[in-house]
>>> print(open('start06.txt').read())   # compact mmCIF, C-alpha atoms
# COMPACT_ATOMS: atom_id res chain seq x y z
CA MET A 288 0.00 0.00 0.00
CA GLU A 289 2.68 2.39 1.06
CA ILE A 290 4.60 1.97 -2.20
CA LYS A 291 1.53 2.67 -4.33
CA VAL A 292 0.77 5.85 -2.37
CA ILE A 293 4.31 7.12 -2.79
CA ARG A 294 4.21 6.46 -6.56
CA LYS A 295 1.16 8.75 -6.83
CA VAL A 296 2.92 11.56 -4.97
CA LEU A 297 5.92 11.18 -7.30
CA ASP A 298 3.71 11.29 -10.43
CA VAL A 299 2.16 14.60 -9.34
CA ASN A 300 5.62 15.91 -8.51
CA ASN A 301 6.96 15.01 -11.97
CA ILE A 302 4.24 17.08 -13.65
CA MET A 303 5.05 20.09 -11.45
CA ALA A 304 8.79 19.60 -12.10
CA GLU A 305 8.26 19.78 -15.86
CA GLN A 306 6.35 23.06 -15.40
CA ASN A 307 9.30 24.40 -13.38
CA ARG A 308 11.76 23.24 -16.05
CA LYS A 309 9.81 25.07 -18.76
CA MET A 310 9.67 28.26 -16.66
CA PHE A 311 13.41 28.14 -15.88
CA ALA A 312 14.17 27.56 -19.60
CA GLU A 313 12.10 30.61 -20.57
CA LYS A 314 13.95 32.71 -18.01
CA GLU A 315 17.32 31.25 -19.12
CA VAL A 316 18.19 30.25 -15.57
CA PHE A 317 20.39 27.23 -14.88
CA VAL A 318 19.09 25.37 -11.81
CA LEU A 319 21.41 23.28 -9.63
CA ASN A 320 19.99 20.94 -6.99
CA VAL A 321 22.52 20.35 -4.19
CA MET A 322 21.89 17.34 -1.95
CA SER A 323 23.65 15.50 0.88
CA SER A 324 23.39 14.09 4.40
CA PRO A 325 22.88 16.57 7.22
CA GLY A 326 26.19 18.16 8.17
CA SER A 327 28.26 17.27 5.12
CA GLY A 328 28.99 20.94 4.47
CA LYS A 329 26.53 22.08 1.78
CA THR A 330 26.10 25.59 3.18
CA THR A 331 29.82 26.24 3.67
CA ILE A 332 30.52 24.98 0.14
CA LEU A 333 27.84 27.31 -1.24
CA GLU A 334 29.19 30.30 0.71
CA LYS A 335 32.55 29.81 -0.99
CA THR A 336 31.08 28.86 -4.39
CA LEU A 337 28.86 31.96 -4.58
CA THR A 338 31.86 34.17 -3.88
CA TYR A 339 33.96 32.50 -6.59
CA LEU A 340 31.16 32.83 -9.18
CA LYS A 341 30.89 36.60 -8.75
CA PRO A 342 30.71 38.79 -10.78
CA GLU A 343 30.65 36.55 -13.85
CA ILE A 344 27.65 34.43 -12.88
CA LYS A 345 24.66 36.08 -11.19
CA SER A 346 23.28 33.67 -8.62
CA ALA A 347 20.33 33.23 -6.27
CA VAL A 348 19.65 30.49 -3.74
CA ILE A 349 16.64 28.60 -2.44
CA VAL A 350 17.43 26.86 0.85
CA GLY A 351 15.33 24.00 2.15
CA ASP A 352 15.24 23.07 5.82
CA ILE A 353 12.59 21.58 8.03
CA CYS A 354 13.15 24.36 10.56
CA THR A 355 15.31 27.45 11.14
CA THR A 356 16.65 30.13 8.81
CA ASN A 357 20.30 29.52 9.84
CA ASP A 358 21.49 28.55 6.36
CA ALA A 359 19.68 31.40 4.61
CA ASN A 360 21.20 33.90 7.04
CA ARG A 361 24.67 32.57 6.31
CA LEU A 362 24.20 32.58 2.52
CA ALA A 363 22.61 36.04 2.44
CA LYS A 364 25.94 37.45 3.65
CA THR A 365 27.42 36.60 0.22
CA GLY A 366 25.15 39.31 -1.24
CA VAL A 367 22.92 37.08 -3.39
CA SER A 368 19.14 36.73 -3.10
CA VAL A 369 18.21 33.90 -0.76
CA VAL A 370 14.79 32.38 -0.11
CA GLN A 371 14.42 30.00 2.82
CA ILE A 372 11.80 27.24 2.67
CA ASN A 373 10.84 25.68 5.97
CA THR A 374 9.17 22.36 5.18
CA ASP A 375 7.53 22.13 8.61
CA LYS A 376 4.74 24.12 6.92
CA PHE A 377 4.47 21.27 4.38
CA GLY A 378 4.23 18.45 6.94
CA GLY A 379 7.93 18.44 7.95
CA ASP A 380 8.90 17.16 4.51
CA CYS A 381 12.26 15.45 4.25
CA HIS A 382 12.83 16.79 0.72
CA LEU A 383 11.92 19.73 -1.50
CA ALA A 384 9.02 18.95 -3.82
CA ALA A 385 8.61 20.72 -7.17
CA HIS A 386 5.58 22.77 -6.10
CA VAL A 387 7.45 24.06 -3.05
CA VAL A 388 10.38 25.18 -5.24
CA ALA A 389 7.92 26.86 -7.63
CA ARG A 390 6.43 28.87 -4.78
CA ALA A 391 9.87 29.89 -3.48
CA ALA A 392 11.00 30.91 -6.99
CA GLU A 393 8.17 33.47 -7.13
CA ASN A 394 10.20 35.47 -4.60
CA ILE A 395 13.26 35.67 -6.84
CA ASP A 396 13.78 38.05 -9.77
CA LEU A 397 14.65 35.31 -12.25
CA ASP A 398 15.26 37.83 -15.06
CA SER A 399 18.39 39.04 -13.29
CA VAL A 400 19.72 35.59 -12.41
CA ASP A 401 21.88 33.12 -14.39
CA LEU A 402 22.13 30.39 -11.77
CA LEU A 403 19.59 29.30 -9.19
CA ILE A 404 21.09 26.99 -6.58
CA VAL A 405 18.66 24.90 -4.55
CA GLU A 406 20.16 23.64 -1.29
CA ASN A 407 17.93 20.69 -0.52
CA VAL A 408 16.97 19.29 2.90
CA GLY A 409 19.82 17.27 4.44
CA ASN A 410 18.94 13.70 3.48
CA LEU A 411 20.69 11.17 1.22
CA VAL A 412 17.47 9.31 0.42
CA CYS A 413 14.22 11.14 -0.34
CA PRO A 414 15.46 14.23 -2.23
CA ALA A 415 16.88 11.90 -4.91
CA GLU A 416 13.34 10.81 -5.79
CA PHE A 417 11.90 14.30 -6.27
CA ASP A 418 12.62 16.06 -9.55
CA ILE A 419 12.33 19.82 -8.95
CA GLY A 420 12.87 20.89 -12.56
CA GLU A 421 16.61 21.33 -12.18
CA ASP A 422 19.29 21.19 -14.90
CA ALA A 423 21.89 19.39 -12.82
CA ARG A 424 22.19 17.61 -9.50
CA VAL A 425 25.21 17.51 -7.23
CA VAL A 426 25.71 15.29 -4.19
CA VAL A 427 28.04 16.33 -1.38
CA LEU A 428 29.74 13.58 0.60
CA SER A 429 32.14 14.36 3.41
CA VAL A 430 35.16 12.15 4.09
CA THR A 431 34.00 11.73 7.70
CA GLU A 432 30.94 9.79 6.48
CA GLY A 433 32.90 6.70 5.46
CA GLU A 434 33.59 4.94 2.18
CA ASP A 435 30.39 2.97 1.61
CA LYS A 436 27.73 5.69 1.28
CA PRO A 437 27.58 5.51 -2.55
CA VAL A 438 26.68 1.80 -2.45
CA LYS A 439 24.32 2.20 0.54
CA TYR A 440 22.45 5.16 -0.99
CA PRO A 441 22.83 4.32 -4.68
CA LEU A 442 19.87 6.24 -6.09
CA MET A 443 21.36 9.56 -4.94
CA PHE A 444 24.67 8.84 -6.66
CA ARG A 445 22.92 7.50 -9.76
CA VAL A 446 20.74 10.60 -10.34
CA CYS A 447 23.52 13.14 -9.71
CA ASP A 448 25.76 14.71 -12.37
CA ALA A 449 28.73 15.37 -10.09
CA ALA A 450 29.89 14.60 -6.56
CA LEU A 451 31.77 16.86 -4.18
CA LEU A 452 33.99 14.98 -1.72
CA ASN A 453 34.27 17.52 1.09
CA LYS A 454 36.32 18.02 4.29
CA THR A 455 39.53 16.68 2.72
CA ASP A 456 41.39 18.78 5.33
CA LEU A 457 40.41 16.09 7.87
CA LEU A 458 41.97 13.20 5.89
CA PRO A 459 45.16 13.07 8.02
CA TYR A 460 43.07 12.38 11.14
CA LEU A 461 40.79 9.65 9.73
CA ASP A 462 41.09 5.96 8.91
CA TYR A 463 39.66 6.62 5.50
CA ASP A 464 40.27 4.92 2.17
CA LYS A 465 39.60 7.61 -0.43
CA GLU A 466 40.30 5.26 -3.34
CA GLU A 467 37.64 2.88 -2.00
CA THR A 468 35.11 5.76 -1.99
CA LEU A 469 36.01 6.74 -5.55
CA LYS A 470 35.69 3.10 -6.62
CA ASN A 471 32.25 2.90 -4.98
CA ILE A 472 31.07 6.09 -6.69
CA SER A 473 32.35 4.84 -10.03
CA GLN A 474 30.59 1.48 -9.51
CA ILE A 475 27.23 3.24 -9.04
CA HIS A 476 27.73 6.01 -11.61
CA PRO A 477 30.63 5.30 -13.99
CA GLY A 478 32.32 8.42 -15.30
CA MET A 479 30.62 10.90 -12.95
CA PRO A 480 33.05 13.71 -12.07
CA VAL A 481 34.14 13.82 -8.43
CA PHE A 482 35.64 17.03 -7.08
CA GLU A 483 37.78 16.67 -3.94
CA ILE A 484 37.47 19.84 -1.92
CA SER A 485 37.79 21.37 1.51
CA ALA A 486 35.21 24.09 2.04
CA LYS A 487 37.18 25.12 5.12
CA THR A 488 40.54 25.68 3.39
CA LYS A 489 39.07 26.29 -0.12
CA ASP A 490 41.37 23.56 -1.40
CA GLY A 491 40.40 22.04 -4.74
CA PHE A 492 37.68 24.56 -5.64
CA SER A 493 38.98 25.54 -9.11
CA PRO A 494 37.91 22.42 -11.07
CA TRP A 495 34.49 22.49 -9.38
CA ILE A 496 33.91 26.18 -10.14
CA GLU A 497 35.04 25.66 -13.75
CA TRP A 498 32.65 22.71 -14.15
CA LEU A 499 29.77 24.74 -12.76
CA LYS A 500 30.53 27.85 -14.87
CA ARG A 501 30.80 25.73 -18.01
CA ASN A 502 27.41 24.13 -17.35
CA VAL A 503 25.73 27.46 -16.61
CA ARG A 504 27.20 29.09 -19.73
CA GLN A 505 26.01 26.21 -21.95
CA LYS A 506 22.44 26.98 -20.95
CA ILE A 507 22.36 30.76 -20.75
CA ASN A 508 24.40 31.51 -23.90
CA MET B 180 -2.81 16.09 -0.56
CA GLU B 181 0.66 14.82 0.15
CA ILE B 182 0.30 15.49 3.87
CA LYS B 183 -3.01 13.63 4.13
CA VAL B 184 -1.54 10.60 2.35
CA ILE B 185 1.42 10.48 4.73
CA ARG B 186 -0.89 10.71 7.77
CA LYS B 187 -2.68 7.56 6.58
CA VAL B 188 0.59 5.65 6.22
CA LEU B 189 1.56 6.75 9.75
CA ASP B 190 -1.80 5.63 11.22
CA VAL B 191 -1.35 2.12 9.79
CA ASN B 192 2.22 2.10 11.07
CA ASN B 193 1.13 3.03 14.60
CA ILE B 194 -1.22 0.05 14.75
CA MET B 195 1.55 -2.29 13.64
CA ALA B 196 3.97 -0.70 16.13
CA GLU B 197 1.61 -1.42 19.03
CA GLN B 198 1.44 -5.06 17.94
CA ASN B 199 5.23 -5.19 17.95
CA ARG B 200 5.36 -3.55 21.39
CA LYS B 201 2.98 -6.17 22.80
CA MET B 202 5.02 -9.00 21.28
CA PHE B 203 8.33 -7.61 22.60
CA ALA B 204 6.76 -7.18 26.07
CA GLU B 205 5.60 -10.82 26.10
CA LYS B 206 9.09 -11.94 25.12
CA GLU B 207 10.65 -9.59 27.71
CA VAL B 208 12.90 -8.02 25.11
CA PHE B 209 14.04 -4.40 25.39
CA VAL B 210 14.05 -2.76 21.96
CA LEU B 211 16.35 0.16 21.15
CA ASN B 212 15.89 2.16 17.95
CA VAL B 213 19.18 3.82 16.90
CA MET B 214 18.90 6.65 14.39
CA SER B 215 21.20 9.23 12.77
CA SER B 216 22.42 10.81 9.54
CA PRO B 217 24.33 8.57 7.16
CA GLY B 218 27.94 8.25 8.28
CA SER B 219 27.65 9.46 11.87
CA GLY B 220 29.06 6.17 13.14
CA LYS B 221 26.06 4.05 14.19
CA THR B 222 27.60 0.74 13.14
CA THR B 223 30.98 1.38 14.77
CA ILE B 224 29.22 2.45 17.99
CA LEU B 225 27.16 -0.74 17.94
CA GLU B 226 30.21 -2.93 17.31
CA LYS B 227 31.76 -1.53 20.50
CA THR B 228 28.50 -1.45 22.47
CA LEU B 229 27.66 -5.11 21.74
CA THR B 230 31.10 -6.16 22.98
CA TYR B 231 30.74 -4.15 26.22
CA LEU B 232 27.30 -5.64 26.92
CA LYS B 233 28.54 -9.24 26.79
CA PRO B 234 28.01 -11.55 28.60
CA GLU B 235 25.60 -9.77 30.93
CA ILE B 236 23.09 -8.65 28.30
CA LYS B 237 22.21 -10.99 25.44
CA SER B 238 21.70 -8.91 22.31
CA ALA B 239 20.52 -9.22 18.73
CA VAL B 240 20.46 -6.62 15.97
CA ILE B 241 18.20 -5.68 13.08
CA VAL B 242 20.01 -3.46 10.57
CA GLY B 243 18.13 -1.32 8.08
CA ASP B 244 19.71 -0.12 4.87
CA ILE B 245 18.37 0.64 1.45
CA CYS B 246 21.05 -1.56 -0.10
CA THR B 247 24.06 -3.70 0.86
CA THR B 248 24.72 -6.02 3.80
CA ASN B 249 27.92 -4.18 4.82
CA ASP B 250 26.66 -3.23 8.29
CA ALA B 251 25.23 -6.66 9.07
CA ASN B 252 28.52 -8.29 8.08
CA ARG B 253 30.41 -5.98 10.43
CA LEU B 254 28.02 -6.51 13.36
CA ALA B 255 27.85 -10.30 12.91
CA LYS B 256 31.55 -10.41 13.81
CA THR B 257 30.61 -9.49 17.40
CA GLY B 258 28.94 -12.90 17.66
CA VAL B 259 25.31 -11.73 18.06
CA SER B 260 22.41 -12.60 15.74
CA VAL B 261 22.03 -10.00 13.02
CA VAL B 262 19.21 -9.62 10.50
CA GLN B 263 19.71 -7.19 7.61
CA ILE B 264 16.70 -5.47 6.08
CA ASN B 265 17.21 -3.98 2.63
CA THR B 266 14.41 -1.49 2.09
CA ASP B 267 14.90 -1.47 -1.68
CA LYS B 268 12.47 -4.40 -1.58
CA PHE B 269 9.99 -2.06 0.13
CA GLY B 270 10.22 0.76 -2.42
CA GLY B 271 13.65 2.03 -1.28
CA ASP B 272 12.18 3.23 1.99
CA CYS B 273 14.10 5.90 3.85
CA HIS B 274 13.09 4.50 7.25
CA LEU B 275 12.13 1.22 8.91
CA ALA B 276 8.37 0.79 9.25
CA ALA B 277 6.85 -1.34 12.01
CA HIS B 278 5.70 -4.14 9.68
CA VAL B 279 9.21 -4.45 8.25
CA VAL B 280 10.69 -4.77 11.76
CA ALA B 281 8.04 -7.39 12.63
CA ARG B 282 9.03 -9.48 9.63
CA ALA B 283 12.74 -9.20 10.47
CA ALA B 284 12.09 -10.13 14.13
CA GLU B 285 10.64 -13.46 12.96
CA ASN B 286 14.21 -14.46 12.11
CA ILE B 287 15.47 -13.86 15.65
CA ASP B 288 15.08 -16.23 18.61
CA LEU B 289 13.56 -13.60 20.91
CA ASP B 290 13.34 -16.05 23.83
CA SER B 291 17.12 -16.02 24.14
CA VAL B 292 17.52 -12.24 23.78
CA ASP B 293 17.37 -9.40 26.36
CA LEU B 294 18.07 -6.50 24.02
CA LEU B 295 17.12 -6.04 20.39
CA ILE B 296 18.92 -3.12 18.79
CA VAL B 297 17.45 -1.74 15.58
CA GLU B 298 19.95 0.24 13.52
CA ASN B 299 17.66 2.37 11.39
CA VAL B 300 18.31 3.70 7.87
CA GLY B 301 20.69 6.68 7.91
CA ASN B 302 18.33 9.64 7.89
CA LEU B 303 17.68 12.38 10.48
CA VAL B 304 14.14 13.00 9.26
CA CYS B 305 11.78 10.17 8.33
CA PRO B 306 12.72 7.47 10.88
CA ALA B 307 11.65 9.87 13.67
CA GLU B 308 8.06 9.66 12.41
CA PHE B 309 7.81 5.86 12.37
CA ASP B 310 7.19 4.12 15.69
CA ILE B 311 8.50 0.55 15.39
CA GLY B 312 7.33 -0.63 18.82
CA GLU B 313 10.62 0.22 20.54
CA ASP B 314 11.19 0.94 24.24
CA ALA B 315 13.76 3.68 23.72
CA ARG B 316 15.18 5.77 20.93
CA VAL B 317 18.72 7.06 20.61
CA VAL B 318 20.03 9.60 18.12
CA VAL B 319 23.69 9.65 17.10
CA LEU B 320 25.19 12.98 16.08
CA SER B 321 28.82 13.29 15.08
CA VAL B 322 30.82 16.42 15.91
CA THR B 323 31.71 16.79 12.23
CA GLU B 324 28.05 17.51 11.42
CA GLY B 325 28.04 20.95 13.02
CA GLU B 326 26.24 22.51 15.97
CA ASP B 327 22.82 23.26 14.54
CA LYS B 328 21.44 19.82 13.65
CA PRO B 329 19.20 19.59 16.78
CA VAL B 330 17.36 22.78 15.84
CA LYS B 331 17.26 21.93 12.13
CA TYR B 332 15.94 18.39 12.69
CA PRO B 333 13.97 18.95 15.91
CA LEU B 334 11.53 16.04 15.69
CA MET B 335 14.37 13.52 15.85
CA PHE B 336 15.81 15.10 18.99
CA ARG B 337 12.35 15.49 20.54
CA VAL B 338 11.35 11.82 20.16
CA CYS B 339 14.66 10.39 21.37
CA ASP B 340 15.51 9.38 24.95
CA ALA B 341 19.26 9.94 24.70
CA ALA B 342 21.80 11.38 22.29
CA LEU B 343 25.28 10.10 21.50
CA LEU B 344 27.71 12.81 20.44
CA ASN B 345 30.26 10.78 18.46
CA LYS B 346 33.73 11.29 16.93
CA THR B 347 34.95 13.44 19.84
CA ASP B 348 38.50 12.32 18.86
CA LEU B 349 38.22 14.77 15.94
CA LEU B 350 37.43 17.81 18.14
CA PRO B 351 41.02 19.16 18.07
CA TYR B 352 40.83 19.45 14.26
CA LEU B 353 37.43 21.14 13.96
CA ASP B 354 36.03 24.62 14.45
CA TYR B 355 33.30 23.21 16.60
CA ASP B 356 31.46 24.69 19.55
CA LYS B 357 30.39 21.70 21.64
CA GLU B 358 28.62 23.87 24.23
CA GLU B 359 26.50 25.36 21.44
CA THR B 360 25.47 21.84 20.36
CA LEU B 361 24.57 20.86 23.93
CA LYS B 362 22.58 24.08 24.30
CA ASN B 363 20.71 23.33 21.06
CA ILE B 364 19.90 19.77 22.18
CA SER B 365 18.71 21.03 25.54
CA GLN B 366 16.52 23.66 23.85
CA ILE B 367 14.73 20.97 21.82
CA HIS B 368 14.64 18.28 24.51
CA PRO B 369 15.40 19.67 27.99
CA GLY B 370 17.03 17.15 30.30
CA MET B 371 17.76 14.48 27.66
CA PRO B 372 21.04 12.72 28.51
CA VAL B 373 23.87 13.31 26.04
CA PHE B 374 26.81 10.89 26.02
CA GLU B 375 30.02 12.24 24.48
CA ILE B 376 31.89 9.35 22.92
CA SER B 377 34.47 8.34 20.38
CA ALA B 378 33.62 4.99 18.82
CA LYS B 379 37.14 4.97 17.38
CA THR B 380 39.02 5.35 20.70
CA LYS B 381 36.20 3.97 22.92
CA ASP B 382 36.43 7.17 24.95
CA GLY B 383 33.38 7.96 27.08
CA PHE B 384 31.60 4.61 26.63
CA SER B 385 31.07 3.78 30.34
CA PRO B 386 28.17 6.18 31.11
CA TRP B 387 26.44 5.17 27.87
CA ILE B 388 26.78 1.43 28.54
CA GLU B 389 25.56 1.95 32.13
CA TRP B 390 22.52 3.92 30.91
CA LEU B 391 21.69 1.20 28.40
CA LYS B 392 22.16 -1.69 30.88
CA ARG B 393 19.98 0.09 33.46
CA ASN B 394 17.18 0.56 30.92
CA VAL B 395 17.34 -3.04 29.72
CA ARG B 396 17.35 -4.40 33.30
CA GLN B 397 14.31 -2.30 34.23
CA LYS B 398 12.30 -4.09 31.57
CA ILE B 399 13.59 -7.65 31.74
CA ASN B 400 13.76 -8.02 35.54
>>> encode(input="start06.txt", output="structure tokens")
Amino acid sequence: MEIKVIRKVLDVNNIMAEQNRKMFAEKEVFVLNVMSSPGSGKTTILEKTLTYLKPEIKSAVIVGDICTTNDANRLAKTGVSVVQINTDKFGGDCHLAAHVVARAAENIDLDSVDLLIVENVGNLVCPAEFDIGEDARVVVLSVTEGEDKPVKYPLMFRVCDAALLNKTDLLPYLDYDKEETLKNISQIHPGMPVFEISAKTKDGFSPWIEWLKRNVRQKIN
Amino acid sequence: MEIKVIRKVLDVNNIMAEQNRKMFAEKEVFVLNVMSSPGSGKTTILEKTLTYLKPEIKSAVIVGDICTTNDANRLAKTGVSVVQINTDKFGGDCHLAAHVVARAAENIDLDSVDLLIVENVGNLVCPAEFDIGEDARVVVLSVTEGEDKPVKYPLMFRVCDAALLNKTDLLPYLDYDKEETLKNISQIHPGMPVFEISAKTKDGFSPWIEWLKRNVRQKIN
């Protein structure tokens, strides 16, 4: 029963996502859906990323959390438009659904934006099932989370277009087999680019920023 | 619509959870539901915990993952009975539902067990909504996940009876305000015990093991 019910919710979501995709195409806005476990460093990565993209790429952010406006407050300091969604108004949802993103996007001047980043609710499972009308999906995985997450949460790694392996500054203090992680990612999604970064030290950001800029330019030019 | 649908699923689950609770009471088994984000260290904590509980407390484990039997393989090495649930057979569920736990429990000789530990799917959101018929709930939070998780995922911290703050061995290498985390936990769930541990170094395990033994004894004696 449960499975059938969830299928219906996903069908409705897919229709709304296609409406979003059409709207974003008309506005020539590239939409990036950023997903991960809680605490893997999405917000810190976005703080740094938004700064690197300026002034070339004009960005805005939609931040999804069940509660609090902590992340929006942090991201607003970068000077871009930020809209916080609190899903507790939508039943405490563990993901951003397409209709929720559509409502949040009404608060952003899409005509003056090249890139809309959606920071999803911290969750490696459910957000992977909900298309929001994005152009690309990125999963953040921190090195403190262990090597086997790609094989334990395969849908997330399958639907994403790139992975960010964050907190590499902590590698000297962990029993962590980075090659094993890369092998696991490649098993689930062969050929997907993986960018090794430290949002704390800004190490490794160049290839990631270049990848993102290239993808944005392909759509808006 | 979505919210109404989810309510119905939860109502059915609550009925099944009460059936589980009655069955576990008849068998005099204490059931602990362990929840957290992916990669916060649940399995490593349980490896150590199961060893500390022997021979006084006879344990068994049900492990929930979407895919893989990695965690079950690791826990089986401690010598206790382990049943792995892969929720991909249940639609890739992001949580363990009561009926799934009931089916897994059929594979455990409950007459010879004092404590049944359920390691839930890695997710700080959905598992908090699904009663599985447990006696106590514990949330694991690692210090690498930042200070604000309790306020961003409040339901999880509200429904739990204790929190384990893991990976304290990494504190010297992080910009982390432990007092802020404890304040946030206490704001969401005043008085809830918080055990600061390192599953890697086994630091801080005694108070946690004592708390767990005391709770198990209260039920089985």
>>> closest_residue(input="start06.txt", among="A:Asp435, A:Glu305, A:Glu313, A:Glu421", to="B:Thr248", atoms="all atoms listed in the file")
A:Asp435
>>> atom_distance(input="start06.txt", atom1="atom CA of A:Met479", atom2="atom CA of A:Val321")
15.2 Å
>>> residues_around(input="start06.txt", residues="A:Arg390", least_positions_apart="2", cutoff="12 Å", atoms="all atoms listed in the file", output="list in words")
Met303, Asn307, Ile349, Val370, Gln371, Ile372, Leu383, Ala384, Ala385, His386, Val387, Val388, Ala392, Glu393, Asn394, Ile395 and Ile419 of chain A
>>> interface_residues(input="start06.txt", of="chain B", to="chain A", cutoff="9 Å", atoms="all atoms listed in the file", output="mmCIF file with C-alpha atoms, in the frame of the given file")
data_model
loop_
_atom_site.group_PDB
_atom_site.id
_atom_site.type_symbol
_atom_site.label_atom_id
_atom_site.label_comp_id
_atom_site.auth_asym_id
_atom_site.auth_seq_id
_atom_site.Cartn_x
_atom_site.Cartn_y
_atom_site.Cartn_z
ATOM 1 C CA MET B 180 -2.810 16.090 -0.560
ATOM 2 C CA GLU B 181 0.660 14.820 0.150
ATOM 3 C CA ILE B 182 0.300 15.490 3.870
ATOM 4 C CA VAL B 184 -1.540 10.600 2.350
ATOM 5 C CA ILE B 185 1.420 10.480 4.730
ATOM 6 C CA VAL B 188 0.590 5.650 6.220
ATOM 7 C CA SER B 216 22.420 10.810 9.540
ATOM 8 C CA PRO B 217 24.330 8.570 7.160
ATOM 9 C CA GLY B 218 27.940 8.250 8.280
ATOM 10 C CA SER B 219 27.650 9.460 11.870
ATOM 11 C CA GLY B 220 29.060 6.170 13.140
ATOM 12 C CA ASP B 244 19.710 -0.120 4.870
ATOM 13 C CA ILE B 245 18.370 0.640 1.450
ATOM 14 C CA CYS B 246 21.050 -1.560 -0.100
ATOM 15 C CA THR B 247 24.060 -3.700 0.860
ATOM 16 C CA THR B 248 24.720 -6.020 3.800
ATOM 17 C CA ASN B 249 27.920 -4.180 4.820
ATOM 18 C CA PHE B 269 9.990 -2.060 0.130
ATOM 19 C CA GLY B 270 10.220 0.760 -2.420
ATOM 20 C CA GLY B 271 13.650 2.030 -1.280
ATOM 21 C CA ASP B 272 12.180 3.230 1.990
ATOM 22 C CA CYS B 273 14.100 5.900 3.850
ATOM 23 C CA GLY B 301 20.690 6.680 7.910
ATOM 24 C CA ASN B 302 18.330 9.640 7.890
ATOM 25 C CA LEU B 303 17.680 12.380 10.480
ATOM 26 C CA VAL B 304 14.140 13.000 9.260
ATOM 27 C CA CYS B 305 11.780 10.170 8.330
ATOM 28 C CA SER B 321 28.820 13.290 15.080
ATOM 29 C CA THR B 323 31.710 16.790 12.230
ATOM 30 C CA GLU B 324 28.050 17.510 11.420
ATOM 31 C CA GLY B 325 28.040 20.950 13.020
ATOM 32 C CA GLU B 326 26.240 22.510 15.970
ATOM 33 C CA ASP B 327 22.820 23.260 14.540
ATOM 34 C CA LYS B 328 21.440 19.820 13.650
ATOM 35 C CA VAL B 330 17.360 22.780 15.840
ATOM 36 C CA LYS B 331 17.260 21.930 12.130
ATOM 37 C CA TYR B 332 15.940 18.390 12.690
ATOM 38 C CA PRO B 333 13.970 18.950 15.910
ATOM 39 C CA LEU B 334 11.530 16.040 15.690
ATOM 40 C CA ASP B 348 38.500 12.320 18.860
ATOM 41 C CA LEU B 349 38.220 14.770 15.940
ATOM 42 C CA TYR B 352 40.830 19.450 14.260
ATOM 43 C CA LEU B 353 37.430 21.140 13.960
#
>>> residues_around(input="start06.txt", residues="B:Val317", least_positions_apart="2", cutoff="9 Å", atoms="all atoms listed in the file", output="short mmCIF file (atom, residue, chain, number, x, y, z; two decimals) with C-alpha atoms, in the frame of the given file")
data_model
loop_
_atom_site.label_atom_id
_atom_site.label_comp_id
_atom_site.auth_asym_id
_atom_site.auth_seq_id
_atom_site.Cartn_x
_atom_site.Cartn_y
_atom_site.Cartn_z
CA LEU B 211 16.35 0.16 21.15
CA ASN B 212 15.89 2.16 17.95
CA VAL B 213 19.18 3.82 16.90
CA MET B 214 18.90 6.65 14.39
CA SER B 215 21.20 9.23 12.77
CA ALA B 315 13.76 3.68 23.72
CA VAL B 319 23.69 9.65 17.10
CA PHE B 336 15.81 15.10 18.99
CA VAL B 338 11.35 11.82 20.16
CA CYS B 339 14.66 10.39 21.37
CA ASP B 340 15.51 9.38 24.95
CA ALA B 341 19.26 9.94 24.70
CA ALA B 342 21.80 11.38 22.29
CA LEU B 343 25.28 10.10 21.50
#
>>> atom_distance(input="start06.txt", atom1="atom CA of A:Lys364", atom2="atom CA of A:Leu337")
10.3 Å
>>> residues_around(input="start06.txt", residues="stretch 365-368 of chain A", least_positions_apart="6", cutoff="10 Å", atoms="only C-alpha atoms", output="compact mmCIF listing (two decimals) with C-alpha atoms, in the frame of the given file")
# COMPACT_ATOMS: atom_id res chain seq x y z
CA LEU A 333 27.84 27.31 -1.24
CA GLU A 334 29.19 30.30 0.71
CA LYS A 335 32.55 29.81 -0.99
CA THR A 336 31.08 28.86 -4.39
CA LEU A 337 28.86 31.96 -4.58
CA THR A 338 31.86 34.17 -3.88
CA LYS A 341 30.89 36.60 -8.75
CA LYS A 345 24.66 36.08 -11.19
CA SER A 346 23.28 33.67 -8.62
CA ALA A 347 20.33 33.23 -6.27
CA VAL A 348 19.65 30.49 -3.74
CA ILE A 349 16.64 28.60 -2.44
CA ALA A 359 19.68 31.40 4.61
CA ASN A 394 10.20 35.47 -4.60
CA ILE A 395 13.26 35.67 -6.84
CA ASP A 396 13.78 38.05 -9.77
CA VAL A 400 19.72 35.59 -12.41
CA LEU A 403 19.59 29.30 -9.19
>>> atom_distance(input="start06.txt", atom1="atom CA of B:Arg200", atom2="atom CA of B:Asp314")
7.9 Å
>>> residues_around(input="start06.txt", residues="B:Asp293", least_positions_apart="6", cutoff="8 Å", atoms="only C-alpha atoms", output="MDAnalysis selection string")
chainID B and resid 207:209 236:238 395 399
>>> closest_residue(input="start06.txt", among="B:Asp290, B:Glu298, B:Asp382, B:Asp267", to="B:Val242", atoms="all atoms listed in the file")
B:Glu298
>>> residues_around(input="start06.txt", residues="A:Thr331", least_positions_apart="6", cutoff="9 Å", atoms="all atoms listed in the file", output="NGL selection string")
:A and (361-362 or 486-487)
